[in-house]
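S.K.: One structure is given below, represented as structure tokens, and several questions about it will come after.
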Amino acid sequence: MAKENRSVIQPRSLARARKVDKVPFVELYAGRLQGVVSSGSDEDRVYVSYFEAGTGNFYCSTNNNRPCGGLRGSPCKHLASLLDEALLQYGAERLVHGLGLSAEPDKVKRGGDLLRFIKGGPHKIEAGVVFSRFLTYLHHVSVKPTTAPIPEMGWFVR
Amino acid sequence: MALRDLKTPPASVTEASAALDALDDALVGGFGRLSAANLEALHGLHRSFAATPLAGELAAAIAGISRSEFLDRHFLVLAAARSAVLGAMHDALLAQACAALGRPAPEIEAIAAGAGQAAPPQVEVWLESARHWLMELALAGFANLELEILLPFQATLDAMSSEPALVRQHALLGGFLEEMLAVFPRRGEIAAPRRRWADLWARALVLAAGAPEPLRSRPTSGSLTIYGADLRQHDHLATLVVYGALAEEGAGTRLVRASVSASKVDVIQGAELGGLFAEVAPNLVAALASGQRLTLTKAPLLGCGDLIWEDSRTNLGAKAGALVEAAKLLAAAPALRPCLAPADRHPALIDELVFVPDSECAGGPPLPIERIPTTEDLLATDLAGNKGFVALLRFDGGAWGLQPLAIDKGKPLPRMVGAGLAAGAKGHKSSSLATLKERAGKLLRKKS
Ligand SMILES: [Zn+2]
């Protein structure tokens with residue numbers, strides 16, 4: 001029977017597990033690919049990076065809004081890492097769709113393969129917008145599990 | 001047992017389903033611009049409630065919406081009516097299943113209210129925000145969603161996440177929002193999964209009607225044997241539901257459910273979920289892997305057959321021949337077994353526990369297989385050459401199906417969903433979970 005008449009539908013593509021030490025946070029959210037990338041040199045410093053779907057605009061700064069030195073009109077290494085990890089997490093099809101790129105998903109082997117499809121330029125946004133999403137993300141792994149029944153989870157199969 | 005007899009649903013269910021489709025079309029197109037066909041569907045809904053207590057409110061709600069009087073109260077009435085139709089469908093389907101399986105209808109045990117805590121005051125504020133947001137969704141229609149409609153609710157949702165009284169609301173609203181956001185950037189009209197999103201919308205609205213009552217439980221003691229488990233999840237929540245038999249001290253053997261739900265993030269998957277579940281239910285996770293029985297001492301049990309897991313009230317016991325026992329007990333299941341509270345009834349949530357003997361699998365399983373979660377612990381291919389399996393009888397898309405939970409392969413332990421979680425429960429320093437928890441420890445402490 002057609003999907004429109006089913007209550008429970010297993011999603012077609014799932015986010016996948018990946019190592020999170022270098023890039024602890026990646027998400028496709030509200031028309032952006034955004035995330036948090038650890039600094040290679042300073043353990044406590046992180047960079048906040050994003051690409052916007054449609055415009056192809058991007059930006060990278062520290063979480064204190066200091067612009068990334070590697071950002072000179074084209075994406076820096078943090079943005080490249082963000083794409084690499086997003087490819088691992090979401091797979092090519094979902095990533096390409098999520099960014100609204102014209103790339104053929106089958107031909108994407110590395111996140112870097114997508115850089116030439118990014119048509120926008122640097123466009124500053126407040127790092128706090130993304131960083132607060134990261135804090136919420138971390139909050140999710142800090143909430144104590146519950147043993148109360150949740151019948152509604154019967155709708156969510158994957 | 002005659003699962004093969006469950007070929008077609010009762011005619012009343014098929015008719016009710018068609019009526020729902022007409023109503024759900026209005027949710028897809030949007031109540032802000034109802035077509036003549038949509039209005040006719042609404043009046044049809046009203047006619048089918050003519051002799052019921054909901055008739056008056058339904059008439060007022062439809063009249064109000066028709067003259068563009070958009071109040072969340074009107075939509076709540078519609079959602080309640082839709083839920084009532086699904087509840088009746090659930091009852092007809094369950095009666096059909098019980099007749100085919102030769103088992104009594106499940107019984108809900110009456111349990112007196114305890115000294116539960118009332119929900120804190122901010123709960124009402126969040127629920128009001130949820131009702132308002134759900135009304136906005138209905139006005140726009142699932143096919144015409146915009147980020148401007150979806151995103152403003154995120155802050156309320158995040159605030160709800162720490163409130164234990166709203167775990168059900170948060171689980172549902174979070175999964176629903178996540179699914180709708182996944183269609184962006186949208187290209188043209190959204191191909192909405194009509195029945196599914198209408199289900200999620202209506203259930204969310206009904207759950208947002210008011211602060212939930214505290215759960216009513218009574219203590220139970222006895223020996224629990226696990227027959228199978230199910231794993232349900234969206235990106236931010238994973239739920240392990242264990243099904244089994246409880247030989248209650250001073251009473252007979254009944255079937256029970258026990259569940260653990262862990263807030264999580266998308267990269268936490270597979271065995272790593274075990275680390276989260278084991279934070280509060282280590283014995284349950286261990287027993288799934290080892291096939292051991294569990295001794296319960298004064299564990300809380302709800303009227304619908306749900307154990308509220310308190311690990312300190314459990315002890316691991318001897319190994320059980322779980323599937324041999326399941327074959328015997330489920331051949332004529334006791335009336336005291338898990339079911340849904342009246343307000344929660346829905347065809348897609350029917351979870352009748354059955355044992356399918358290998359004799360019924362000649363030429364393939366007696367009903368289509370569905371809803372196997374993504375896990376290495378149990379694969380659809382494990383059904384080949386099985387010696388019987390434990391399953392949930394499911395209904396969706398107009399047809400009955402079977403969801404295998406545990407499969408006897410002639411080995412000491414069956415293939416069982418959740419058996420691999422214990423491996424992840426030990427926790428590794430290099431795991432994603434450990435890395436994120438460490439960061440959370442640093443950053444969230446700094447923030448507060
Ligand atoms: Zn950078």
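By convention in this document, the chains of the structure tokens carry letters A, B, ... by their order, each chain's residues are numbered from 1, and ligands are numbered from 1 in the order they are shown.
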Show me, as JSON, numbers by chain, the residues of chain A whose atoms get within 6 Å of chain B, using only C-alpha atoms for the distance check.

M.R.: {"A": [1, 4, 5, 6, 7, 16, 17, 19, 20, 31, 138, 140, 141, 145, 146, 147, 148, 149, 150, 154, 156, 157, 158]}

S.K.: Limited to N, CA, C and O atoms, could you put the picked residues into a file as a compact mmCIF listing (two decimals), in the first residue's frame?

M.R.:
```txt
# COMPACT_ATOMS: atom_id res chain seq x y z
N MET A 1 0.84 -1.20 0.00
CA MET A 1 0.00 0.00 0.00
C MET A 1 0.87 1.26 0.00
O MET A 1 1.99 1.26 0.49
N GLU A 4 1.50 7.01 1.68
CA GLU A 4 0.67 8.05 2.27
C GLU A 4 -0.39 7.45 3.19
O GLU A 4 -0.99 8.16 3.99
N ASN A 5 -0.62 6.14 3.11
CA ASN A 5 -1.60 5.51 3.99
C ASN A 5 -0.97 4.72 5.12
O ASN A 5 -1.66 3.99 5.82
N ARG A 6 0.32 4.85 5.30
CA ARG A 6 0.98 4.14 6.40
C ARG A 6 1.26 5.09 7.56
O ARG A 6 1.60 6.25 7.36
N SER A 7 1.15 4.54 8.76
CA SER A 7 1.48 5.32 9.96
C SER A 7 2.96 5.25 10.28
O SER A 7 3.54 6.21 10.79
N ARG A 16 24.61 8.25 10.13
CA ARG A 16 25.47 7.13 10.50
C ARG A 16 26.39 7.51 11.65
O ARG A 16 26.68 8.69 11.85
N ALA A 17 26.85 6.50 12.35
CA ALA A 17 27.81 6.74 13.41
C ALA A 17 29.12 7.18 12.78
O ALA A 17 29.45 6.78 11.67
N LYS A 19 33.28 8.95 14.07
CA LYS A 19 34.12 9.42 15.19
C LYS A 19 33.91 10.91 15.37
O LYS A 19 33.87 11.66 14.39
N VAL A 20 33.78 11.34 16.61
CA VAL A 20 33.42 12.75 16.83
C VAL A 20 34.52 13.56 17.51
O VAL A 20 34.28 14.66 17.98
N GLY A 31 18.10 24.54 6.56
CA GLY A 31 18.70 25.06 5.35
C GLY A 31 20.18 25.38 5.46
O GLY A 31 20.71 26.12 4.64
N LEU A 138 24.78 18.64 23.05
CA LEU A 138 25.47 18.04 24.18
C LEU A 138 24.51 17.78 25.34
O LEU A 138 24.64 16.80 26.07
N HIS A 140 21.58 16.78 25.04
CA HIS A 140 20.88 15.52 24.75
C HIS A 140 21.59 14.29 25.31
O HIS A 140 20.93 13.31 25.66
N VAL A 141 22.91 14.31 25.36
CA VAL A 141 23.60 13.13 25.92
C VAL A 141 23.80 13.25 27.43
O VAL A 141 24.42 12.41 28.05
N PRO A 145 18.27 8.93 31.36
CA PRO A 145 17.24 8.13 30.69
C PRO A 145 16.02 7.93 31.59
O PRO A 145 16.11 8.04 32.82
N THR A 146 14.87 7.65 30.97
CA THR A 146 13.65 7.44 31.74
C THR A 146 13.14 6.02 31.51
O THR A 146 13.38 5.43 30.46
N THR A 147 12.44 5.49 32.50
CA THR A 147 11.85 4.15 32.32
C THR A 147 10.32 4.24 32.29
O THR A 147 9.64 3.22 32.39
N ALA A 148 9.79 5.44 32.14
CA ALA A 148 8.34 5.59 31.95
C ALA A 148 8.00 5.17 30.52
O ALA A 148 8.77 5.40 29.60
N PRO A 149 6.85 4.52 30.33
CA PRO A 149 6.50 4.11 28.96
C PRO A 149 6.25 5.31 28.06
O PRO A 149 5.70 6.31 28.50
N ILE A 150 6.67 5.19 26.81
CA ILE A 150 6.40 6.24 25.80
C ILE A 150 5.77 5.54 24.59
O ILE A 150 6.47 5.20 23.64
N GLY A 154 6.36 4.12 19.30
CA GLY A 154 5.93 3.09 18.35
C GLY A 154 5.86 3.62 16.92
O GLY A 154 5.85 2.84 15.97
N PHE A 156 8.19 5.47 15.63
CA PHE A 156 9.54 5.77 15.14
C PHE A 156 10.40 4.52 15.04
O PHE A 156 10.94 4.03 16.03
N VAL A 157 10.51 4.01 13.82
CA VAL A 157 11.29 2.81 13.56
C VAL A 157 12.44 3.17 12.65
O VAL A 157 12.26 3.90 11.68
N ARG A 158 13.61 2.68 12.97
CA ARG A 158 14.72 2.85 12.03
C ARG A 158 15.75 1.76 12.25
O ARG A 158 15.60 0.90 13.05
```

S.K.: Produce as an NGL selection string the set of residues near ligand 1, where near means within 7 Å with only C-alpha atoms and all ligand atoms considered.

M.R.: :A and (47 or 49 or 60-61 or 68-71 or 76-79)

S.K.: Would you pick out the contacts of A:Ser74 at 12 Å or less, using only C-alpha atoms, so that residues sharing its chain but fewer than 4 positions from it are not included, and give the list as number ranges by chain?

M.R.: A: 51, 56-60, 68-70, 78-80, 115-116, 118-123

S.K.: Would you export the selected residues with N, CA and C atoms as a short mmCIF file (atom, residue, chain, number, x, y, z; two decimals), in the first residue's frame, please?

M.R.:
```cif
data_model
loop_
_atom_site.label_atom_id
_atom_site.label_comp_id
_atom_site.auth_asym_id
_atom_site.auth_seq_id
_atom_site.Cartn_x
_atom_site.Cartn_y
_atom_site.Cartn_z
N PHE A 51 27.73 26.15 6.01
CA PHE A 51 27.40 26.43 4.60
C PHE A 51 25.90 26.63 4.53
N GLY A 56 24.85 29.09 -1.09
CA GLY A 56 26.22 28.56 -1.06
C GLY A 56 27.16 29.40 -0.22
N ASN A 57 26.62 30.35 0.53
CA ASN A 57 27.46 31.15 1.41
C ASN A 57 28.00 30.30 2.56
N PHE A 58 29.12 30.76 3.14
CA PHE A 58 29.76 30.00 4.20
C PHE A 58 30.48 30.96 5.13
N TYR A 59 30.91 30.45 6.29
CA TYR A 59 31.69 31.26 7.21
C TYR A 59 32.36 30.36 8.22
N CYS A 60 33.41 30.87 8.82
CA CYS A 60 34.09 30.13 9.87
C CYS A 60 34.68 31.13 10.85
N CYS A 68 38.08 33.18 11.28
CA CYS A 68 39.10 32.16 11.04
C CYS A 68 40.14 32.71 10.07
N GLY A 69 41.42 32.56 10.42
CA GLY A 69 42.49 33.07 9.56
C GLY A 69 42.58 32.36 8.22
N GLY A 70 42.05 31.16 8.16
CA GLY A 70 42.15 30.39 6.92
C GLY A 70 41.10 30.74 5.89
N HIS A 78 38.67 24.04 8.09
CA HIS A 78 37.60 23.62 8.99
C HIS A 78 36.32 23.34 8.22
N LEU A 79 36.05 24.19 7.24
CA LEU A 79 34.86 23.99 6.41
C LEU A 79 34.99 22.71 5.59
N ALA A 80 36.23 22.43 5.13
CA ALA A 80 36.45 21.19 4.39
C ALA A 80 36.22 19.98 5.30
N LEU A 115 33.31 20.87 -2.80
CA LEU A 115 33.71 22.28 -2.69
C LEU A 115 33.50 23.05 -4.00
N ARG A 116 33.74 22.36 -5.14
CA ARG A 116 33.61 23.11 -6.40
C ARG A 116 32.16 23.41 -6.75
N ILE A 118 30.14 24.65 -4.44
CA ILE A 118 29.75 25.71 -3.52
C ILE A 118 29.96 27.05 -4.23
N LYS A 119 28.87 27.74 -4.54
CA LYS A 119 28.98 28.92 -5.39
C LYS A 119 29.05 30.24 -4.61
N GLY A 120 28.80 30.20 -3.31
CA GLY A 120 28.72 31.45 -2.55
C GLY A 120 30.07 31.94 -2.06
N GLY A 121 30.02 32.93 -1.19
CA GLY A 121 31.24 33.48 -0.60
C GLY A 121 31.09 33.60 0.90
N PRO A 122 32.14 34.12 1.57
CA PRO A 122 32.08 34.27 3.02
C PRO A 122 30.95 35.22 3.43
N HIS A 123 30.19 34.82 4.41
CA HIS A 123 29.07 35.65 4.87
C HIS A 123 28.95 35.42 6.37
#
```

S.K.: Give me every strand (DSSP E) residue in stretch 309-421 of chain B, going by DSSP on the backbone, as a PyMOL selection string.

M.R.: chain B and resi 314-319+352-356+389-396+399-407+415-416

S.K.: When distances are computed from only C-alpha atoms, which of B:Ser129, B:Ala202, B:Leu58, B:Glu124 shows the smallest separation from A:Glu152?

M.R.: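 Residue with the minimum atom-to-atom distance to A:Glu152: B:Ala202.
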
S.K.: Which residues are near B:Val28? Cut-off 7 Å, only C-alpha atoms, ignore same chain within fewer than 5 positions. Put them as a PDB file with N, CA and C atoms, in the first residue's frame.

M.R.:
```pdb
ATOM      1  N   GLY B 141      -0.830  23.654   6.453  1.00  0.00           N
ATOM      2  CA  GLY B 141      -0.914  22.391   5.721  1.00  0.00           C
ATOM      3  C   GLY B 141       0.452  21.769   5.539  1.00  0.00           C
ATOM      4  N   PHE B 142       0.510  20.444   5.630  1.00  0.00           N
ATOM      5  CA  PHE B 142       1.810  19.749   5.555  1.00  0.00           C
ATOM      6  C   PHE B 142       2.501  19.965   4.209  1.00  0.00           C
ATOM      7  N   ALA B 143       1.726  20.194   3.168  1.00  0.00           N
ATOM      8  CA  ALA B 143       2.342  20.342   1.842  1.00  0.00           C
ATOM      9  C   ALA B 143       2.982  21.722   1.677  1.00  0.00           C
ATOM     10  N   ARG B 194       0.906  11.457   4.396  1.00  0.00           N
ATOM     11  CA  ARG B 194      -0.357  11.970   4.936  1.00  0.00           C
ATOM     12  C   ARG B 194      -0.806  11.317   6.246  1.00  0.00           C
TER      13      ARG B 194
END
```

S.K.: Quick one: residues within 9 Å of B:Ser217, only C-alpha atoms counted, chain neighbours fewer than 5 positions away excluded, as a compact mmCIF listing (two decimals) with C-alpha atoms, in the first residue's frame?

M.R.:
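Wrote result-v3.txt, looks like this:
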```txt
# COMPACT_ATOMS: atom_id res chain seq x y z
CA ILE B 111 -4.95 0.74 40.16
CA ALA B 112 -5.75 3.48 42.65
CA ALA B 113 -4.08 6.88 42.36
CA GLY B 114 -0.97 7.24 44.47
CA PRO B 300 6.16 -0.79 40.14
CA LEU B 301 3.66 -2.13 37.60
CA LEU B 302 1.12 -0.01 35.69
CA GLY B 303 -2.42 -1.05 34.82
CA LEU B 307 6.84 -2.29 34.51
CA ILE B 308 8.54 0.92 35.58
```

S.K.: Return the single residue from A:Ala15, A:Val130, A:Val108, A:Val36 that is closest to A:Leu82, with distances computed using only C-alpha atoms.

M.R.: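 So, comparing all the options, the nearest one is A:Val36.
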
S.K.: DSSP on the backbone, then: every residue of chain A marked helix (DSSP H, G or I), written as a PyMOL selection string.

M.R.: chain A and resi 3-5+77-99+105-107+111-117+127-140+151-155

S.K.: Report the distance between atom CA of A:Ser102 and atom CA of A:Ser81 in Å, rounded to one decimal place.

M.R.: 20.3 Å

S.K.: My list of candidates is A:Met153, A:Val48, A:Leu33, A:Ala86. Which is closest to A:Gly100 when distances are computed with only C-alpha atoms?

M.R.: A:Leu33

S.K.: Skipping near chain neighbours, those fewer than 5 positions away, what residues fall within 12 Å of B:Thr52 using only C-alpha atoms, listed as a PDB file with C-alpha atoms, in the first residue's frame?

M.R.:
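Resulting contents of around10.pdb:
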```
ATOM      1  CA  LEU B  45     -16.870  13.483  10.438  1.00  0.00           C
ATOM      2  CA  HIS B  46     -19.492  15.411  12.375  1.00  0.00           C
ATOM      3  CA  ARG B  47     -22.293  13.191  11.083  1.00  0.00           C
ATOM      4  CA  GLU B  57     -18.184  20.441  20.362  1.00  0.00           C
ATOM      5  CA  LEU B  58     -17.394  19.074  16.935  1.00  0.00           C
ATOM      6  CA  ALA B  59     -20.198  21.103  15.354  1.00  0.00           C
ATOM      7  CA  ALA B  81     -12.464  13.107  17.168  1.00  0.00           C
ATOM      8  CA  ALA B  84     -11.675   8.424  18.792  1.00  0.00           C
ATOM      9  CA  VAL B  85     -12.113   7.012  15.275  1.00  0.00           C
TER      10      VAL B  85
END
```

S.K.: Extract, using only C-alpha atoms, all DNA, RNA and protein residues at most 12 Å from B:Gly64, discarding same-chain residues fewer than 6 positions from it, and format them as a PyMOL selection string.

M.R.: chain B and resi 31+42+57-58+70-75+77-78

S.K.: At what distance in Å, to one decimal, does atom CA of A:Val26 lie from atom CA of A:Asn65?

M.R.: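 Computing it gives 18.5 Å between the two atoms.
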